[in-house]
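Undergrad: Following this line is work_14.txt, made up of compact mmCIF, C-alpha atoms:
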# COMPACT_ATOMS: atom_id res chain seq x y z
CA MET U 1 -3.54 -1.31 -22.15
CA LYS U 2 -1.21 -3.07 -19.80
CA LYS U 3 2.44 -3.28 -20.70
CA ILE U 4 4.25 -6.58 -20.45
CA ILE U 5 7.78 -6.57 -19.17
CA THR U 6 9.83 -9.37 -20.65
CA SER U 7 12.62 -9.69 -18.14
CA ALA U 8 12.41 -13.00 -16.32
CA LEU U 9 14.07 -12.39 -12.96
CA ALA U 10 15.05 -9.36 -10.95
CA LEU U 11 17.63 -9.57 -8.24
CA PHE U 12 17.42 -6.35 -6.33
CA ILE U 13 17.13 -2.59 -6.37
CA LEU U 14 19.16 -0.41 -4.13
CA CYS U 15 16.96 2.00 -2.27
CA GLY U 16 18.16 5.48 -1.55
CA CYS U 17 17.58 6.90 1.86
CA ALA U 18 16.08 10.37 1.95
CA SER U 19 18.04 12.82 4.00
CA SER U 20 17.17 16.28 5.18
CA THR U 21 19.56 19.10 4.33
CA ALA U 22 19.35 21.95 6.82
CA ALA U 23 19.74 25.47 5.55
CA SER U 24 22.66 27.47 6.88
CA THR U 25 21.89 29.99 9.62
CA ALA U 26 22.58 32.95 7.38
CA SER U 27 20.40 31.62 4.55
CA ALA U 28 17.56 30.71 6.91
CA GLU U 29 17.63 34.16 8.50
CA ALA U 30 17.65 35.80 5.09
CA ASP U 31 14.66 33.82 3.92
CA ALA U 32 12.73 34.16 7.19
CA SER U 33 13.22 37.92 7.20
CA THR U 34 10.87 38.26 4.25
CA THR U 35 7.30 37.25 5.00
CA PRO U 36 4.91 36.24 2.20
CA ALA U 37 3.15 39.61 2.57
CA GLU U 38 6.43 41.44 1.95
CA THR U 39 7.47 39.35 -1.00
CA THR U 40 7.44 41.09 -4.38
CA ALA U 41 5.27 39.95 -7.25
CA ALA U 42 8.33 38.59 -9.04
CA GLU U 43 9.25 36.49 -6.01
CA THR U 44 5.76 35.06 -5.52
CA SER U 45 5.25 34.18 -9.16
CA ALA U 46 5.80 30.63 -10.31
CA PRO U 47 9.43 29.78 -11.15
CA ALA U 48 10.52 30.41 -14.70
CA GLU U 49 9.86 27.43 -16.93
CA ALA U 50 12.93 25.24 -17.09
CA PRO U 51 14.27 23.90 -20.37
CA ALA U 52 12.72 20.65 -21.50
CA GLU U 53 14.44 17.68 -19.91
CA THR U 54 14.03 13.95 -19.70
CA ASP U 55 11.82 12.58 -16.96
CA THR U 56 14.42 10.16 -15.68
CA VAL U 57 12.04 8.11 -13.57
CA SER U 58 9.44 7.57 -16.29
CA SER U 59 11.99 7.12 -19.07
CA ALA U 60 14.13 4.63 -17.21
CA THR U 61 11.07 2.65 -16.18
CA ASP U 62 9.66 2.56 -19.71
CA GLN U 63 13.01 1.27 -20.93
CA GLY U 64 13.17 -1.37 -18.23
CA LYS U 65 16.41 0.02 -16.82
CA GLY U 66 16.40 -1.04 -13.22
CA LEU U 67 13.25 0.61 -11.94
CA ARG U 68 10.56 -1.89 -12.81
CA PHE U 69 11.21 -5.60 -12.99
CA GLY U 70 8.86 -8.48 -13.55
CA PHE U 71 5.96 -9.21 -15.79
CA TYR U 72 2.84 -7.49 -14.63
CA GLU U 73 1.98 -3.80 -14.64
CA GLN U 74 -1.13 -2.73 -12.78
CA SER U 75 -3.98 -0.97 -14.52
CA ASP U 76 -4.66 2.66 -13.63
CA ALA U 77 -7.52 1.52 -11.40
CA ASP U 78 -5.23 -0.93 -9.58
CA LYS U 79 -2.56 1.74 -9.17
CA GLN U 80 -5.08 4.04 -7.55
CA ALA U 81 -6.29 1.21 -5.32
CA THR U 82 -2.67 0.59 -4.32
CA VAL U 83 -2.17 4.23 -3.28
CA LEU U 84 -5.33 4.08 -1.17
CA GLU U 85 -4.25 0.77 0.37
CA TYR U 86 -0.79 2.02 1.27
CA LEU U 87 -1.96 5.39 2.63
CA ASN U 88 -5.13 4.30 4.43
CA GLY U 89 -3.75 5.47 7.79
CA ASN U 90 -5.21 4.32 11.09
CA ASN U 91 -8.71 2.94 10.70
CA GLY U 92 -9.00 4.31 7.18
CA SER U 93 -8.29 7.94 8.18
CA TYR U 94 -5.79 8.41 5.32
CA ARG U 95 -3.68 10.41 7.77
CA ASN U 96 0.06 9.77 7.62
CA MET U 97 3.33 11.38 8.64
CA MET U 98 5.16 12.22 5.42
CA GLN U 99 8.31 14.01 4.33
CA MET U 100 7.96 17.08 2.10
CA ALA U 101 10.80 18.67 0.13
CA THR U 102 10.63 22.41 -0.65
CA ALA U 103 13.14 25.02 -1.79
CA SER U 104 13.87 28.46 -0.35
CA LEU U 105 14.32 31.70 -2.29
CA SER U 106 18.07 31.17 -2.26
CA GLY U 107 17.61 27.64 -3.60
CA VAL U 108 18.40 25.81 -0.37
CA PRO U 109 16.41 22.55 -0.12
CA THR U 110 14.51 21.72 3.04
CA VAL U 111 12.84 18.46 4.03
CA SER U 112 10.09 18.68 6.64
CA SER U 113 7.87 16.18 8.39
CA VAL U 114 4.22 16.96 7.69
CA GLU U 115 1.02 15.26 8.82
CA PHE U 116 -0.91 15.02 5.58
CA VAL U 117 -4.38 13.60 5.02
CA LEU U 118 -4.97 12.02 1.62
CA ASP U 119 -8.30 12.90 0.03
CA PRO U 120 -9.55 9.62 -1.46
CA GLU U 121 -11.89 11.53 -3.78
CA ASN U 122 -9.21 13.44 -5.69
CA PHE U 123 -5.86 12.22 -4.25
CA ASN U 124 -4.93 15.70 -3.04
CA LEU U 125 -2.91 15.94 0.16
CA TYR U 126 -4.27 18.33 2.80
CA GLY U 127 -2.04 19.95 5.42
CA LEU U 128 -2.18 22.56 8.20
CA SER U 129 1.02 24.15 9.47
CA GLU U 130 2.06 26.99 11.74
CA ALA U 131 2.62 30.26 9.93
CA GLY U 132 6.22 31.38 9.49
CA THR U 133 7.80 27.95 9.24
CA GLN U 134 10.44 27.34 6.59
CA LYS U 135 8.21 25.07 4.54
CA THR U 136 5.30 27.52 4.46
CA LEU U 137 7.61 30.40 3.48
CA ASP U 138 9.08 28.20 0.74
CA LEU U 139 5.67 27.21 -0.61
CA ALA U 140 4.47 30.83 -0.67
CA ARG U 141 7.29 31.66 -3.09
CA ASN U 142 7.75 28.38 -4.94
CA PRO U 143 4.73 26.04 -4.91
CA LEU U 144 6.59 23.10 -6.44
CA CYS U 145 7.20 20.31 -3.94
CA SER U 146 7.71 16.60 -3.52
CA VAL U 147 6.13 14.48 -0.79
CA TYR U 148 7.15 10.95 0.18
CA TRP U 149 5.72 8.34 2.51
CA THR U 150 7.35 5.02 3.32
CA ARG U 151 6.17 2.23 5.56
CA GLN U 152 8.67 1.60 8.34
CA LEU U 153 8.95 -1.86 9.83
CA ARG U 154 7.78 -2.40 13.40
CA PRO U 155 10.21 -3.97 15.92
CA GLU U 156 8.24 -7.21 16.00
CA GLU U 157 8.39 -7.41 12.20
CA GLU U 158 12.16 -7.02 12.23
CA GLN U 159 12.40 -9.68 14.92
CA ALA U 160 10.38 -11.97 12.66
CA GLY U 161 13.08 -11.64 9.99
CA LEU U 162 11.65 -8.92 7.75
CA THR U 163 14.06 -6.31 6.41
CA TYR U 164 13.76 -2.88 4.78
CA PHE U 165 13.37 -4.74 1.48
CA SER U 166 9.91 -5.66 2.77
CA SER U 167 8.73 -2.07 2.89
CA TYR U 168 7.11 0.14 0.25
CA GLY U 169 6.24 3.76 -0.39
CA VAL U 170 4.42 6.43 -2.38
CA GLN U 171 5.95 9.62 -3.78
CA PHE U 172 3.94 12.66 -4.88
CA THR U 173 5.33 15.35 -7.14
CA GLY U 174 3.09 18.35 -7.56
CA THR U 175 2.14 21.89 -6.67
CA ALA U 176 1.04 23.29 -3.33
CA HIS U 177 -1.81 25.78 -3.06
CA ILE U 178 -2.10 27.94 0.07
CA PHE U 179 -5.67 29.00 0.83
CA THR U 180 -6.58 32.59 1.68
CA VAL U 181 -9.42 34.26 3.55
CA ASP U 182 -10.53 35.85 0.27
CA GLU U 183 -11.06 32.39 -1.23
CA LEU U 184 -13.08 31.40 1.83
CA HIS U 185 -15.33 34.46 1.45
CA GLU U 186 -15.70 33.95 -2.30
CA ASP U 187 -16.70 30.29 -2.07
CA PRO U 188 -16.18 28.25 1.12
CA THR U 189 -17.07 24.92 -0.50
CA GLU U 190 -13.54 23.62 -1.09
CA LEU U 191 -12.23 24.66 2.31
CA ILE U 192 -15.22 23.12 4.07
CA HIS U 193 -14.54 19.89 2.19
CA LEU U 194 -10.86 20.08 3.21
CA PHE U 195 -11.77 20.49 6.89
CA ASP U 196 -14.46 17.80 6.62
CA THR U 197 -11.71 15.48 5.40
CA TYR U 198 -8.86 16.64 7.67
CA TYR U 199 -10.34 17.48 11.06
CA PRO U 200 -12.15 14.17 11.80
CA THR U 201 -8.80 12.32 11.60
CA MET U 202 -7.73 13.48 15.10
CA PRO U 203 -9.84 13.14 18.28
CA MET U 204 -9.35 16.72 19.50
CA THR U 205 -10.10 18.46 16.23
CA ALA U 206 -12.87 15.99 15.45
CA ALA U 207 -14.69 16.94 18.62
CA VAL U 208 -14.41 20.67 17.87
CA TRP U 209 -15.41 20.27 14.25
CA ALA U 210 -18.46 18.21 15.18
CA LYS U 211 -19.84 21.24 17.04
CA GLN U 212 -20.00 23.26 13.81
CA GLU U 213 -23.59 22.50 12.85
CA ASN U 214 -23.84 24.13 9.41
CA ASP U 215 -21.73 25.62 6.64
CA GLU U 216 -21.98 29.13 8.07
CA GLN U 217 -20.52 28.01 11.39
CA LYS U 218 -17.88 25.94 9.63
CA ALA U 219 -16.82 28.91 7.49
CA ALA U 220 -16.53 31.13 10.57
CA TYR U 221 -14.40 28.54 12.33
CA ILE U 222 -12.16 28.10 9.26
CA GLU U 223 -11.61 31.87 9.14
CA GLN U 224 -10.26 31.74 12.70
CA VAL U 225 -7.89 28.93 11.72
CA LEU U 226 -6.66 30.83 8.66
CA SER U 227 -5.70 33.77 10.89
CA GLN U 228 -3.30 31.54 12.82
CA GLN U 229 -2.25 28.68 10.53
CA VAL U 230 -1.35 28.00 6.92
CA VAL U 231 -3.90 25.73 5.26
CA TYR U 232 -2.80 24.15 2.01
CA LYS U 233 -3.19 21.28 -0.40
CA VAL U 234 -0.69 19.46 -2.61
CA VAL U 235 -2.15 18.63 -6.02
CA PRO U 236 -0.20 15.69 -7.51
CA GLU U 237 1.01 15.79 -11.08
CA LYS U 238 2.73 12.44 -10.72
CA ILE U 239 2.44 9.64 -8.20
CA VAL U 240 5.12 6.94 -8.03
CA ILE U 241 4.40 3.71 -6.16
CA THR U 242 7.58 1.97 -5.03
CA GLN U 243 8.52 -1.46 -3.79
CA PRO U 244 12.27 -1.79 -3.17
CA TYR U 245 12.85 -4.89 -5.27
CA MET U 246 11.15 -7.95 -6.62
CA LEU U 247 11.79 -11.66 -6.71
CA PHE U 248 9.60 -14.66 -7.37
CA MET U 249 8.69 -15.39 -3.80
CA GLY U 250 6.95 -18.18 -1.96
CA ALA U 251 5.11 -18.15 1.35
CA GLN U 252 8.33 -17.86 3.37
CA SER U 253 9.36 -14.66 1.60
CA ALA U 254 9.61 -11.20 3.10
CA CYS U 255 8.80 -9.17 0.00
CA ALA U 256 5.82 -7.16 -1.19
CA ALA U 257 6.37 -8.08 -4.80
CA PHE U 258 4.86 -11.57 -4.69
CA THR U 259 2.60 -12.45 -1.82
CA THR U 260 1.35 -15.98 -1.31
CA LYS U 261 -1.90 -16.85 0.42
CA THR U 262 -1.77 -19.92 2.63
CA ASP U 263 -4.25 -21.75 4.82
CA ASN U 264 -3.17 -19.47 7.66
CA GLY U 265 -3.62 -16.26 5.70
CA TYR U 266 -1.31 -14.18 3.56
CA ALA U 267 2.42 -14.61 4.02
CA TYR U 268 2.88 -10.87 3.61
CA PRO U 269 1.01 -9.36 6.55
CA PHE U 270 0.93 -5.63 5.78
CA LEU U 271 -1.74 -5.48 3.09
CA SER U 272 -5.44 -6.17 3.47
CA GLU U 273 -6.95 -9.42 2.26
CA GLY U 274 -9.47 -7.64 0.05
CA PHE U 275 -6.75 -5.66 -1.72
CA LEU U 276 -4.61 -8.74 -2.37
CA ASP U 277 -7.61 -10.73 -3.58
CA GLN U 278 -8.38 -8.01 -6.12
CA MET U 279 -4.76 -7.91 -7.32
CA ILE U 280 -4.82 -11.67 -7.82
CA LYS U 281 -8.10 -11.48 -9.74
CA ASP U 282 -6.82 -8.73 -12.01
CA LYS U 283 -3.63 -10.65 -12.68
CA LEU U 284 -5.50 -13.81 -13.63
CA ASP U 285 -7.94 -11.87 -15.83
CA ASP U 286 -5.11 -10.40 -17.89
CA GLU U 287 -4.93 -12.55 -21.03
CA ALA U 288 -1.76 -10.83 -22.26
CA TYR U 289 -0.07 -11.65 -18.96
CA LYS U 290 -1.01 -15.31 -19.20
CA ALA U 291 0.13 -15.47 -22.83
CA MET U 292 3.48 -13.98 -21.85
CA ILE U 293 3.93 -16.55 -19.08
CA ASP U 294 3.18 -19.30 -21.60
CA GLN U 295 5.94 -17.90 -23.79
CA VAL U 296 8.60 -17.25 -21.16
CA TYR U 297 7.77 -20.17 -18.86
CA PRO U 298 6.23 -22.82 -21.14
CA GLU U 299 5.00 -25.90 -19.36
CA THR U 300 7.93 -28.29 -19.71
CA GLU U 301 7.65 -32.06 -19.72
CA ILE U 302 10.25 -33.93 -17.70
CA THR U 303 11.32 -37.21 -19.30
CA ASP U 304 13.58 -40.06 -18.19
CA ASP U 305 16.10 -39.43 -20.96
CA MET U 306 16.81 -35.87 -19.75
CA SER U 307 20.13 -35.06 -18.15
CA GLU U 308 20.03 -34.08 -14.50
CA GLY U 309 20.84 -30.50 -15.47
CA ASP U 310 17.95 -30.34 -17.95
CA LYS U 311 15.60 -31.85 -15.39
CA THR U 312 16.60 -29.20 -12.87
CA LYS U 313 16.00 -26.42 -15.39
CA ALA U 314 12.63 -27.87 -16.32
CA GLU U 315 11.61 -28.14 -12.69
CA GLN U 316 12.58 -24.52 -12.13
CA ILE U 317 10.56 -23.40 -15.16
CA ASN U 318 7.51 -25.34 -14.06
CA ALA U 319 7.82 -24.09 -10.48
CA SER U 320 8.05 -20.47 -11.62
CA ARG U 321 5.09 -20.98 -13.94
CA GLU U 322 3.00 -22.43 -11.12
CA ILE U 323 3.79 -19.50 -8.84
CA LEU U 324 3.14 -16.84 -11.48
CA LEU U 325 -0.15 -18.35 -12.63
CA GLY U 326 -1.27 -19.39 -9.16
CA GLU U 327 -4.58 -18.28 -7.72
CA ASN U 328 -2.91 -17.48 -4.40
CA THR U 329 -0.03 -15.38 -5.67
CA CYS U 330 -0.25 -11.64 -6.18
CA GLY U 331 2.32 -9.96 -8.40
CA ILE U 332 3.14 -6.29 -7.83
CA VAL U 333 5.86 -4.72 -9.93
CA THR U 334 8.70 -2.68 -8.53
CA GLN U 335 7.66 0.82 -9.56
CA GLU U 336 4.37 2.08 -10.93
CA ILE U 337 3.91 5.61 -12.25
CA LEU U 338 0.78 7.71 -12.60
CA THR U 339 1.48 10.75 -14.76
CA ASN U 340 -1.03 13.57 -15.37
CA PHE U 341 -2.90 11.89 -12.57
CA THR U 342 -6.70 11.89 -12.58
CA PRO U 343 -8.54 9.54 -10.20
CA ALA U 344 -11.04 7.17 -11.72
CA GLU U 345 -14.68 8.01 -11.09
How would this structure read if it were set down as C-alpha cells?
TA:
Amino acid sequence: MKKIITSALALFILCGCASSTAASTASAEADASTTPAETTAAETSAPAEAPAETDTVSSATDQGKGLRFGFYEQSDADKQATVLEYLNGNNGSYRNMMQMATASLSGVPTVSSVEFVLDPENFNLYGLSEAGTQKTLDLARNPLCSVYWTRQLRPEEEQAGLTYFSSYGVQFTGTAHIFTVDELHEDPTELIHLFDTYYPTMPMTAAVWAKQENDEQKAAYIEQVLSQQVVYKVVPEKIVITQPYMLFMGAQSACAAFTTKTDNGYAYPFLSEGFLDQMIKDKLDDEAYKAMIDQVYPETEITDDMSEGDKTKAEQINASREILLGENTCGIVTQEILTNFTPAE
C-alpha cells in the first residue's frame, strides 16, 4: 500500500559528494601481502554480526526527516522500473561505470570504479576484475560492499542551464560473491548466465563470446577467464533510488522530481517517454493520492470580495493542484527504498 507524505513543499536536499579514501602505503602493502589463498579461515569468514542498530536511511525517510519530500511514493513495481530506467546503459545494455566501496582487513575503506552490468532478471550486479586488486582482496575477506551510480550532466546540459540538482542515482548495499572453478564444474548454469548477460555488452567480448556455440564451449571459456580474472556478483539487500531534491516544477524546471510534458516533448530530457507515461498513469490511478491532494490543495473559489492576499493564496493553491493532478506531470519523490529486495515476476 502506498504511503502518503503530508508535507506540502520541499525546498532542497544537500547532496553529499562521494570521495575515495586511499589506503596508506604500509596498510596497502600489509593487505596485499596476503592473498585470498593464504588467508586463514577466520579471516575469510563473514564479519562478526554487529550489534543491532538503527537503519538511519530507512528510519529517517519513514519519519519524513529530510530524505523524502512530496506526496507520492512509487509502488514496488514502479521502483523496480525506475532502477531499470536509470541503469539501462547504452542501448539497453545495463552496463554502467559505478563506484564500489569495500573495506580491507585492517578496516581501511577503499572506493573503486567498476564496470558493472545490471541483471534485469534479478537485479544482481555482475563484475569482472583483475586478480590481486585491492577491491578483490577486500571482497575475498569481507563480502559486504556498497555500490553507487549517479548520472553526471553532459557539457551541453550544463550549458542549457541544468545543474547537479537535475541528476539522480541508485545505491546498492549488499554482499559480493566471488565465483570459483569448483562452482563452475559443479553446475555451470549461473556462470553461463552471468557471461551471457555481461559479455555481449562490449563489442570485443561480444564477438568472442558469440563463437562459443554451446554450453560445453562456454564453460571451457569461462574456466580460462577464472584462471586470470575475478568474476563476481553483488546481490543487493537494499536499493536506494535518489533524486537530490524536489519542488513543484513546471516545464521550465531543471529537476527530476516533477517533469512536465509539453507539445515539444518532455521538459526533463533524460528519461524515456514510455517510463514517464507509466509514472503519470500510476500517479493518476492512485485514489489515495488524489484524495490527499483534495485535502491539502482543495479547489478554491476566487471571489470579488477576497483581499488581494487571499486571492494570491487561492491562485497558488489552484495552480499547485492543477500541476499535481495534471495528466502531463510526473511526480517522483526524493528517495525511494527497496529493502529485502526481490524483483517482481
Undergrad: Return the single residue from U:Asp119, U:Glu322, U:Asp78, U:Glu273 that is closest to Gly92 in chain U, with distances computed using all atoms listed in the file.
TA: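 Result for the nearest residue to Gly92 in chain U: U:Asp119.
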Undergrad: How many Å lie between CA of Pro120 in chain U and CA of His193 in chain U, rounded to one decimal?
TA: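 Between CA of Pro120 in chain U and CA of His193 in chain U the gap works out to 12.0 Å.
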Undergrad: Select, from U:Leu153, U:Leu118, U:Val147, U:Ile222, the residue with the minimum atom-to-atom distance to Thr189 in chain U, counting all atoms listed in the file.
TA: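 Ranked by minimum distance to Thr189 in chain U, first place goes to U:Ile222.
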Undergrad: One decimal, in Å: what's the spacing between CA of Cys330 in chain U and CA of Lys283 in chain U?
TA: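 About the pair CA of Cys330 in chain U and CA of Lys283 in chain U: they are 7.4 Å apart.
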Undergrad: Quick one, how far is CA of Pro155 in chain U from CA of Met97 in chain U?
TA: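 Between CA of Pro155 in chain U and CA of Met97 in chain U the gap works out to 18.3 Å.
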Undergrad: Can you tell me, as a list in words, what residues are no more than 12 Å from Lys313 in chain U when counting only C-alpha atoms, ignoring any on the same chain fewer than 2 positions away?
TA: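 The neighbour list is Tyr297, Pro298, Glu299, Thr300, Glu301, Ile302, Met306, Ser307, Glu308, Gly309, Asp310, Lys311, Glu315, Gln316, Ile317, Asn318, Ala319 and Ser320 of chain U.
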Undergrad: With a distance cut-off of 9 Å and only C-alpha atoms, select the neighbouring residues of Val235 in chain U, excluding the residue or stretch itself and same-chain residues fewer than 5 positions from it, and output the selection as a list in words.
TA: Asn122, Phe123, Asn124, Leu125, Phe172, Thr173, Gly174, Thr175, Ala176 and His177 of chain U
Undergrad: Just want the 9 Å neighbourhood of Phe275 in chain U, counted on all atoms listed in the file, with same-chain residues fewer than 6 positions away dropped. Output as a ChimeraX atom specification.
TA: /U:81-82,85
Undergrad: Using only C-alpha atoms, give me every residue within 8 Å of (-15.1, 32.1, 4.2) in file coordinates, as a PyMOL selection string.
TA: chain U and resi 181-188+219-220+222-223
Undergrad: Pick out the closest residue to Leu128 in chain U from this set: U:Ile280, U:Val114, U:Met292, U:Met98. Count all atoms listed in the file.
TA: U:Val114
